[in-house]
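Shown here: structure_16.cif, mmCIF, C-alpha atoms.
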data_my_file
loop_
_atom_site.label_atom_id
_atom_site.label_comp_id
_atom_site.auth_asym_id
_atom_site.auth_seq_id
_atom_site.Cartn_x
_atom_site.Cartn_y
_atom_site.Cartn_z
CA MET T 1 -77.20 -30.61 22.38
CA LYS T 2 -76.54 -34.35 21.94
CA LYS T 3 -72.99 -34.42 23.36
CA PRO T 4 -73.86 -33.18 26.92
CA THR T 5 -76.79 -35.62 27.04
CA ILE T 6 -74.59 -38.57 26.00
CA PHE T 7 -71.98 -37.50 28.55
CA PHE T 8 -74.57 -37.37 31.36
CA ILE T 9 -75.88 -40.85 30.48
CA ALA T 10 -72.36 -42.34 30.33
CA VAL T 11 -71.41 -40.90 33.72
CA ILE T 12 -74.61 -42.07 35.44
CA LEU T 13 -74.38 -45.59 33.99
CA THR T 14 -70.74 -45.89 35.08
CA VAL T 15 -71.54 -44.75 38.61
CA HIS T 16 -74.52 -47.11 38.89
CA ALA T 17 -72.29 -49.99 37.85
CA HIS T 18 -69.87 -49.25 40.71
CA ALA T 19 -72.44 -48.39 43.39
CA GLN T 20 -71.91 -50.38 46.61
CA GLU T 21 -75.08 -49.61 48.55
CA SER T 22 -78.04 -47.38 47.73
CA PHE T 23 -80.65 -45.83 50.04
CA ASP T 24 -84.08 -44.56 49.01
CA GLN T 25 -85.02 -41.32 50.78
CA TYR T 26 -87.91 -38.82 50.74
CA LEU T 27 -87.40 -35.17 51.67
CA TYR T 28 -89.04 -31.76 51.54
CA TRP T 29 -87.17 -28.51 50.93
CA LEU T 30 -88.56 -25.12 51.95
CA ARG T 31 -86.85 -22.10 50.42
CA TYR T 32 -87.18 -18.34 50.71
CA GLN T 33 -85.29 -16.30 48.11
CA ASN T 34 -84.88 -12.55 48.35
CA GLN T 35 -83.91 -10.67 45.19
CA LEU T 36 -82.65 -7.10 45.58
CA ILE T 37 -82.87 -5.64 42.08
CA PHE T 38 -80.68 -2.55 41.76
CA ASN T 39 -81.15 -1.93 38.02
CA SER T 40 -81.51 -3.83 34.75
CA ASN T 41 -77.98 -5.25 35.07
CA TRP T 42 -77.26 -5.78 38.77
CA TYR T 43 -79.13 -7.79 41.40
CA LEU T 44 -78.42 -9.67 44.63
CA ASN T 45 -79.92 -13.09 45.45
CA THR T 46 -80.07 -14.44 49.01
CA ASP T 47 -81.54 -17.90 49.67
CA PHE T 48 -82.53 -19.56 52.95
CA ASP T 49 -83.04 -23.26 52.22
CA ASN T 50 -84.27 -25.70 54.88
CA ARG T 51 -84.05 -29.40 53.92
CA ARG T 52 -85.73 -32.12 55.99
CA PHE T 53 -86.69 -35.78 55.71
CA PHE T 54 -90.36 -36.75 55.73
CA ASP T 55 -90.18 -39.82 57.98
CA PRO T 56 -88.74 -39.48 60.49
CA ASP T 57 -88.94 -35.66 60.39
CA VAL T 58 -85.20 -35.05 60.81
CA GLU T 59 -83.08 -32.13 59.61
CA ASN T 60 -80.91 -32.95 56.60
CA GLN T 61 -79.32 -29.60 55.78
CA PHE T 62 -79.71 -25.85 56.22
CA ILE T 63 -78.14 -23.61 53.58
CA ILE T 64 -77.71 -19.86 53.08
CA HIS T 65 -76.68 -18.74 49.58
CA THR T 66 -75.84 -15.17 48.65
CA ARG T 67 -74.87 -14.13 45.09
CA ILE T 68 -74.25 -10.82 43.37
CA HIS T 69 -75.22 -11.04 39.68
CA TYR T 70 -74.41 -9.00 36.59
CA LYS T 71 -76.74 -9.57 33.62
CA LYS T 72 -76.04 -8.36 30.11
CA GLY T 73 -78.02 -9.65 27.14
CA PRO T 74 -78.18 -13.47 27.20
CA TRP T 75 -75.36 -13.70 29.77
CA ASP T 76 -75.61 -13.66 33.56
CA PHE T 77 -72.49 -13.84 35.75
CA GLY T 78 -72.64 -14.39 39.50
CA GLY T 79 -70.41 -14.86 42.50
CA GLY T 80 -70.80 -15.07 46.24
CA LEU T 81 -70.77 -17.28 49.31
CA THR T 82 -72.66 -20.29 50.62
CA PHE T 83 -72.87 -21.37 54.26
CA SER T 84 -74.09 -24.91 54.91
CA TRP T 85 -74.86 -26.97 58.02
CA ALA T 86 -75.15 -30.70 57.18
CA TYR T 87 -77.06 -32.78 59.72
CA ALA T 88 -78.28 -36.34 59.13
CA ALA T 89 -77.38 -38.13 55.89
CA ARG T 90 -79.58 -41.05 56.96
CA PRO T 91 -82.53 -40.01 59.17
CA GLU T 92 -82.80 -43.36 60.93
CA ASN T 93 -79.30 -42.80 62.36
CA GLY T 94 -79.98 -39.21 63.48
CA TYR T 95 -77.02 -36.91 64.10
CA LYS T 96 -74.89 -35.55 66.92
CA ASN T 97 -73.34 -32.35 65.58
CA PRO T 98 -73.82 -30.66 62.19
CA VAL T 99 -70.85 -30.29 59.86
CA MET T 100 -70.37 -26.71 58.69
CA GLU T 101 -69.25 -25.82 55.18
CA PHE T 102 -68.02 -22.49 53.78
CA ARG T 103 -68.28 -22.24 49.99
CA PRO T 104 -67.11 -19.39 47.70
CA VAL T 105 -68.97 -19.77 44.39
CA VAL T 106 -68.70 -18.38 40.85
CA GLU T 107 -71.07 -19.11 37.98
CA ALA T 108 -71.94 -18.20 34.39
CA ASN T 109 -75.42 -18.49 32.85
CA HIS T 110 -76.43 -18.25 29.20
CA GLU T 111 -79.95 -18.10 27.75
CA ILE T 112 -80.93 -19.18 24.23
CA PRO T 113 -84.43 -17.78 23.51
CA PHE T 114 -86.86 -19.28 21.04
CA LYS T 115 -90.38 -18.22 20.11
CA LYS T 116 -92.24 -20.21 22.77
CA PHE T 117 -89.50 -21.44 25.10
CA SER T 118 -85.88 -20.90 26.11
CA ILE T 119 -82.86 -23.06 26.88
CA HIS T 120 -80.54 -22.14 29.74
CA ASN T 121 -76.99 -23.31 30.37
CA ARG T 122 -75.24 -22.80 33.71
CA LEU T 123 -71.69 -23.61 34.77
CA ARG T 124 -70.97 -23.22 38.49
CA ILE T 125 -67.76 -23.82 40.45
CA ASP T 126 -68.03 -24.55 44.19
CA ASN T 127 -64.94 -24.07 46.34
CA ARG T 128 -65.91 -26.19 49.33
CA PHE T 129 -64.23 -25.87 52.74
CA PHE T 130 -65.51 -28.49 55.20
CA GLU T 131 -65.24 -28.26 58.95
CA ILE T 132 -63.04 -30.96 60.49
CA PRO T 133 -64.85 -32.47 63.52
CA GLY T 134 -63.52 -31.06 66.77
CA GLU T 135 -61.75 -28.13 65.09
CA SER T 136 -62.78 -24.62 64.12
CA LEU T 137 -63.54 -23.99 60.45
CA LEU T 138 -61.44 -20.81 60.71
CA ASP T 139 -58.41 -22.75 61.97
CA SER T 140 -58.56 -25.93 59.88
CA SER T 141 -60.69 -27.29 57.03
CA TYR T 142 -60.82 -29.83 54.23
CA TYR T 143 -61.01 -28.42 50.69
CA VAL T 144 -62.51 -29.83 47.50
CA MET T 145 -63.55 -28.12 44.26
CA ARG T 146 -66.81 -29.15 42.60
CA PHE T 147 -67.90 -28.44 39.00
CA ARG T 148 -71.62 -28.20 38.22
CA TYR T 149 -73.24 -28.03 34.79
CA ARG T 150 -76.99 -27.55 34.39
CA LEU T 151 -79.10 -27.66 31.24
CA MET T 152 -82.60 -26.22 31.68
CA PHE T 153 -85.67 -25.93 29.45
CA ARG T 154 -88.16 -23.14 30.34
CA MET T 155 -91.59 -22.56 28.79
CA PRO T 156 -94.29 -20.02 29.77
CA LEU T 157 -97.74 -21.64 29.76
CA LYS T 158 -100.03 -18.72 30.58
CA PHE T 159 -99.80 -14.92 30.34
CA ASN T 160 -101.75 -12.09 31.99
CA GLU T 161 -103.14 -9.01 30.25
CA ASP T 162 -99.72 -7.32 30.53
CA LYS T 163 -98.06 -10.22 28.68
CA VAL T 164 -96.29 -11.33 31.86
CA PRO T 165 -95.97 -15.13 32.25
CA VAL T 166 -98.08 -16.17 35.23
CA ILE T 167 -97.48 -19.93 34.93
CA THR T 168 -94.13 -21.25 33.72
CA PHE T 169 -92.88 -24.81 33.37
CA ARG T 170 -89.22 -25.75 33.86
CA VAL T 171 -87.31 -29.00 33.52
CA ALA T 172 -83.57 -29.27 34.17
CA ASP T 173 -80.75 -31.76 34.52
CA GLU T 174 -77.60 -30.95 36.52
CA ILE T 175 -74.46 -33.01 37.03
CA MET T 176 -71.84 -32.34 39.72
CA LEU T 177 -68.24 -33.60 39.69
CA ASN T 178 -65.54 -33.41 42.38
CA THR T 179 -61.81 -32.90 41.89
CA LYS T 180 -60.83 -35.49 44.56
CA GLU T 181 -62.15 -38.59 46.34
CA ASN T 182 -65.22 -39.74 44.38
CA THR T 183 -65.27 -37.84 41.08
CA PHE T 184 -69.04 -38.25 40.68
CA ASP T 185 -70.94 -36.21 43.26
CA GLN T 186 -74.55 -36.24 42.11
CA ASN T 187 -77.06 -35.83 39.30
CA ARG T 188 -80.28 -33.85 39.74
CA VAL T 189 -83.40 -33.90 37.59
CA ASN T 190 -85.68 -30.99 38.45
CA ILE T 191 -89.30 -30.41 37.33
CA THR T 192 -90.81 -27.12 38.50
CA SER T 193 -93.87 -24.92 38.02
CA GLU T 194 -93.62 -21.17 38.67
CA PHE T 195 -96.71 -19.16 39.68
CA TYR T 196 -96.42 -15.40 39.29
CA VAL T 197 -98.46 -13.70 42.04
CA THR T 198 -97.43 -10.04 41.84
CA ARG T 199 -94.48 -8.03 40.61
CA ASN T 200 -92.86 -8.77 43.96
CA PHE T 201 -93.77 -12.41 44.60
CA THR T 202 -93.52 -15.70 42.73
CA LEU T 203 -94.27 -19.16 44.14
CA GLU T 204 -92.58 -22.34 42.95
CA LEU T 205 -93.55 -25.98 43.42
CA GLY T 206 -91.28 -28.71 42.14
CA TYR T 207 -90.00 -32.27 42.28
CA ILE T 208 -86.29 -33.12 42.31
CA TYR T 209 -84.79 -36.56 41.81
CA ILE T 210 -81.22 -36.77 43.11
CA TYR T 211 -78.84 -39.66 42.57
CA GLN T 212 -75.90 -38.88 44.87
CA GLN T 213 -72.77 -40.48 46.21
CA ARG T 214 -71.95 -39.41 49.75
CA TYR T 215 -68.57 -37.69 49.58
CA GLY T 216 -65.66 -39.97 50.45
CA THR T 217 -67.82 -43.10 50.93
CA ASP T 218 -69.41 -45.91 48.92
CA ASP T 219 -72.94 -44.91 50.04
CA PHE T 220 -75.36 -43.83 47.29
CA PHE T 221 -78.72 -42.11 47.73
CA ASN T 222 -81.86 -42.09 45.59
CA ARG T 223 -83.45 -38.92 46.92
CA ASN T 224 -86.99 -37.85 46.03
CA VAL T 225 -87.55 -34.23 46.99
CA LEU T 226 -90.67 -32.08 47.08
CA ARG T 227 -89.65 -28.40 47.00
CA PHE T 228 -91.67 -25.27 47.74
CA SER T 229 -90.16 -21.82 47.22
CA VAL T 230 -91.18 -18.22 47.79
CA ILE T 231 -89.37 -15.71 45.55
CA HIS T 232 -89.51 -12.15 46.92
CA ARG T 233 -88.35 -9.35 44.61
CA VAL T 234 -87.45 -5.93 46.02
CA PHE T 235 -86.82 -3.14 43.52
CA MET T 236 -84.34 -0.57 44.77
#
Exercise: express the given structure as structure tokens:
Amino acid sequence: MKKPTIFFIAVILTVHAHAQESFDQYLYWLRYQNQLIFNSNWYLNTDFDNRRFFDPDVENQFIIHTRIHYKKGPWDFGGGLTFSWAYAARPENGYKNPVMEFRPVVEANHEIPFKKFSIHNRLRIDNRFFEIPGESLLDSSYYVMRFRYRLMFRMPLKFNEDKVPVITFRVADEIMLNTKENTFDQNRVNITSEFYVTRNFTLELGYIYIYQQRYGTDDFFNRNVLRFSVIHRVFM
């Protein structure tokens, strides 16, 4: 476990040393996730994620993720599509037209269970196709591949009478690297509490710190994000 941690620290320190200009920002993300659970192995996740700045209250990004997953033992494999509309990178400047992105995605997850907690590893590959301003995304686009590795610690804090965790704590660190332009994309530290409501609904409240370089520029962002999520499970 020490090697990934040392690697993360080395990358972040190197990027900080070369940062040209950094902007502090405060955002809130509102997410609805629908999980269609077909059986013990197969399920479909669809996310609607709205991301806005606090002050001024300007749209930052709207994202739709859809993933089909196959789970077997400690492994979980997923693949699908992401559609993104990027608006203002800096709220004080506003925006004219959003930039659309089409993103085929594949990922692999692995869980290491312990008696009172579990450790989760995730490797995700984003194939990002960006809209070129003034042209159709279907006719012309700019492509970059992004690698994402996340290490997450998960611990149930409280159980109900059926031994189902009703409050769960999570902390994660994720690093993202591009194959062209700026190699470093961003690092995210995520602290989240899950609140189990019923078999069909879970609520999540979390804080995310993002240190990000804007793609293809020397602009860096220190983003502080408050995130609220509703997880809706539908059993088929």
**Asked** So which residues get picked by the PyMOL selection byres ((chain T and resi 98) around 7) here, written as number ranges by chain?
**Response** T: 85-87, 96-97, 99-100
**Asked** Using the chain letters and numbers from the file, which residues does the PyMOL selection byres ((chain T and resi 103-115) around 6) grab, as a PyMOL selection string?
**Response** chain T and resi 74-82+102+116-128
**Item:** Distance in Å - atom CA of Leu205 of chain T versus atom CA of Ile167 of chain T
**Value:** 11.1 Å
**Asked** When distances are computed from all atoms listed in the file, which of T:Ala172, T:Val230, T:Leu44, T:Leu203 shows the smallest separation from Tyr32 of chain T?
**Response**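 Comparing T:Ala172, T:Val230, T:Leu44, T:Leu203 against Tyr32 of chain T, the winner is T:Val230.
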**Selected residue of minimal separation from Arg51 of chain T among T:Lys71, T:Arg227, T:Arg146, T:Arg170, counting all atoms listed in the file** =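 Nearest candidate to Arg51 of chain T out of T:Lys71, T:Arg227, T:Arg146, T:Arg170: T:Arg227.
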**Hits from the PyMOL selection byres ((chain T and resi 55) around 10), listed as JSON, numbers by chain** = {"T": [25, 26, 27, 52, 53, 54, 56, 57, 58, 91, 92]}
**Prompt:** Which polymer residues have any atom within 6 Å of an atom of Met176 of chain T, counting all atoms listed in the file, with same-chain residues fewer than 5 positions away left out, as a ChimeraX atom specification?
**Reply:** /T:147-148,185-186
**Request:** Grab the atom CA of Thr179 of chain T to atom CA of Gln212 of chain T distance for me, in Å with one decimal place.
**Result:**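 It comes out at 15.6 Å.
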**Request:** Identify which of the residues T:Asn178, T:Ser136, T:Gln35, T:Thr202 lies closest to His69 of chain T, counting only C-alpha atoms when measuring atom-to-atom distances.
**Result:**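 Among the listed residues, T:Gln35 lies closest to His69 of chain T.
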**Selected residue, from T:Tyr209, T:Phe83, T:Phe130, T:Phe48, that lies nearest to Ile231 of chain T when counting only C-alpha atoms** = T:Phe48
**Item:** Atom pair atom CA of Met236 of chain T / atom CA of Leu36 of chain T: separation (Å)
**Value:** 6.8 Å
**Asked** So which one's closest to Thr217 of chain T, T:Asn41, T:Glu101, T:Glu21, T:Tyr95? Using all atoms listed in the file, please.
**Response**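 Nearest candidate to Thr217 of chain T out of T:Asn41, T:Glu101, T:Glu21, T:Tyr95: T:Glu21.
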**Prompt:** Leaving out Val171 of chain T and any residue of its chain fewer than 5 positions from it, which residues lie within 6 Å of it when counting all atoms listed in the file, given as a PyMOL selection string?
**Reply:** chain T and resi 152-153+190-191
**Message:** Nearest residue to Phe201 of chain T out of T:Phe235, T:Phe62, T:Tyr70, T:Tyr142, using only C-alpha atoms?
**Reply:**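 When distances to Phe201 of chain T are compared using only C-alpha atoms, the smallest one comes from T:Phe235.
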**Item:** Ref. answer, residues at most 6 Å from (-79.4, -12.2, 45.6) with all atoms listed in the file, as a list of chain:residue names
**Value:** T:Gln35, T:Leu44, T:Asn45, T:Thr46, T:Thr66, T:Arg67, T:Ile68
Can you take segment 195-226 of chain T from the block and write N, CA and C atoms as a tab-separated table (two decimals), in the first residue's frame?
chain	number	residue	atom	x	y	z
T	195	PHE	N	-26.03	7.16	4.19
T	195	PHE	CA	-27.14	6.94	5.12
T	195	PHE	C	-28.18	6.06	4.43
T	196	TYR	N	-28.26	4.82	4.88
T	196	TYR	CA	-29.21	3.87	4.33
T	196	TYR	C	-30.61	4.21	4.84
T	197	VAL	N	-31.55	4.46	3.91
T	197	VAL	CA	-32.91	4.82	4.28
T	197	VAL	C	-33.83	3.61	4.19
T	198	THR	N	-33.89	3.00	3.02
T	198	THR	CA	-34.65	1.77	2.80
T	198	THR	C	-33.84	0.90	1.85
T	199	ARG	N	-34.40	-0.25	1.53
T	199	ARG	CA	-33.76	-1.14	0.57
T	199	ARG	C	-33.56	-0.45	-0.78
T	200	ASN	N	-34.40	0.53	-1.06
T	200	ASN	CA	-34.37	1.20	-2.36
T	200	ASN	C	-33.64	2.54	-2.38
T	201	PHE	N	-33.42	3.14	-1.21
T	201	PHE	CA	-32.84	4.48	-1.20
T	201	PHE	C	-31.69	4.60	-0.20
T	202	THR	N	-30.63	5.27	-0.65
T	202	THR	CA	-29.51	5.65	0.20
T	202	THR	C	-29.19	7.12	-0.09
T	203	LEU	N	-28.87	7.87	0.95
T	203	LEU	CA	-28.45	9.26	0.79
T	203	LEU	C	-26.97	9.37	1.10
T	204	GLU	N	-26.29	10.26	0.39
T	204	GLU	CA	-24.86	10.47	0.62
T	204	GLU	C	-24.59	11.96	0.78
T	205	LEU	N	-23.73	12.29	1.72
T	205	LEU	CA	-23.26	13.66	1.92
T	205	LEU	C	-21.75	13.62	2.03
T	206	GLY	N	-21.06	14.43	1.20
T	206	GLY	CA	-19.62	14.35	1.22
T	206	GLY	C	-18.93	15.65	0.88
T	207	TYR	N	-17.62	15.66	1.14
T	207	TYR	CA	-16.75	16.78	0.79
T	207	TYR	C	-15.66	16.25	-0.13
T	208	ILE	N	-15.39	16.99	-1.21
T	208	ILE	CA	-14.34	16.61	-2.16
T	208	ILE	C	-13.38	17.78	-2.31
T	209	TYR	N	-12.09	17.50	-2.14
T	209	TYR	CA	-11.07	18.49	-2.46
T	209	TYR	C	-10.43	18.08	-3.78
T	210	ILE	N	-10.41	18.99	-4.74
T	210	ILE	CA	-9.87	18.70	-6.07
T	210	ILE	C	-8.74	19.67	-6.37
T	211	TYR	N	-7.58	19.13	-6.69
T	211	TYR	CA	-6.49	19.95	-7.21
T	211	TYR	C	-6.35	19.58	-8.67
T	212	GLN	N	-6.64	20.53	-9.57
T	212	GLN	CA	-6.82	20.21	-10.99
T	212	GLN	C	-6.09	21.22	-11.87
T	213	GLN	N	-5.48	20.70	-12.93
T	213	GLN	CA	-4.96	21.56	-13.98
T	213	GLN	C	-5.95	21.57	-15.14
T	214	ARG	N	-6.34	22.75	-15.56
T	214	ARG	CA	-7.26	22.86	-16.69
T	214	ARG	C	-6.55	22.35	-17.94
T	215	TYR	N	-7.21	21.46	-18.65
T	215	TYR	CA	-6.57	20.75	-19.77
T	215	TYR	C	-6.02	21.72	-20.81
T	216	GLY	N	-4.74	21.55	-21.15
T	216	GLY	CA	-4.11	22.34	-22.19
T	216	GLY	C	-3.72	23.74	-21.78
T	217	THR	N	-3.80	24.08	-20.48
T	217	THR	CA	-3.46	25.43	-20.01
T	217	THR	C	-2.55	25.32	-18.79
T	218	ASP	N	-2.09	26.49	-18.32
T	218	ASP	CA	-1.29	26.55	-17.09
T	218	ASP	C	-2.13	26.97	-15.89
T	219	ASP	N	-3.46	26.95	-16.03
T	219	ASP	CA	-4.36	27.31	-14.93
T	219	ASP	C	-4.59	26.10	-14.01
T	220	PHE	N	-4.48	26.32	-12.70
T	220	PHE	CA	-4.72	25.28	-11.71
T	220	PHE	C	-5.86	25.73	-10.79
T	221	PHE	N	-6.63	24.74	-10.32
T	221	PHE	CA	-7.78	25.03	-9.47
T	221	PHE	C	-7.67	24.27	-8.16
T	222	ASN	N	-7.93	24.97	-7.05
T	222	ASN	CA	-8.16	24.34	-5.76
T	222	ASN	C	-9.67	24.36	-5.54
T	223	ARG	N	-10.32	23.25	-5.78
T	223	ARG	CA	-11.77	23.21	-5.73
T	223	ARG	C	-12.25	22.50	-4.47
T	224	ASN	N	-13.12	23.18	-3.75
T	224	ASN	CA	-13.75	22.63	-2.54
T	224	ASN	C	-15.21	22.37	-2.87
T	225	VAL	N	-15.61	21.11	-2.79
T	225	VAL	CA	-16.92	20.70	-3.28
T	225	VAL	C	-17.74	20.06	-2.16
T	226	LEU	N	-18.97	20.52	-2.02
T	226	LEU	CA	-19.95	19.86	-1.16
T	226	LEU	C	-20.88	19.06	-2.06
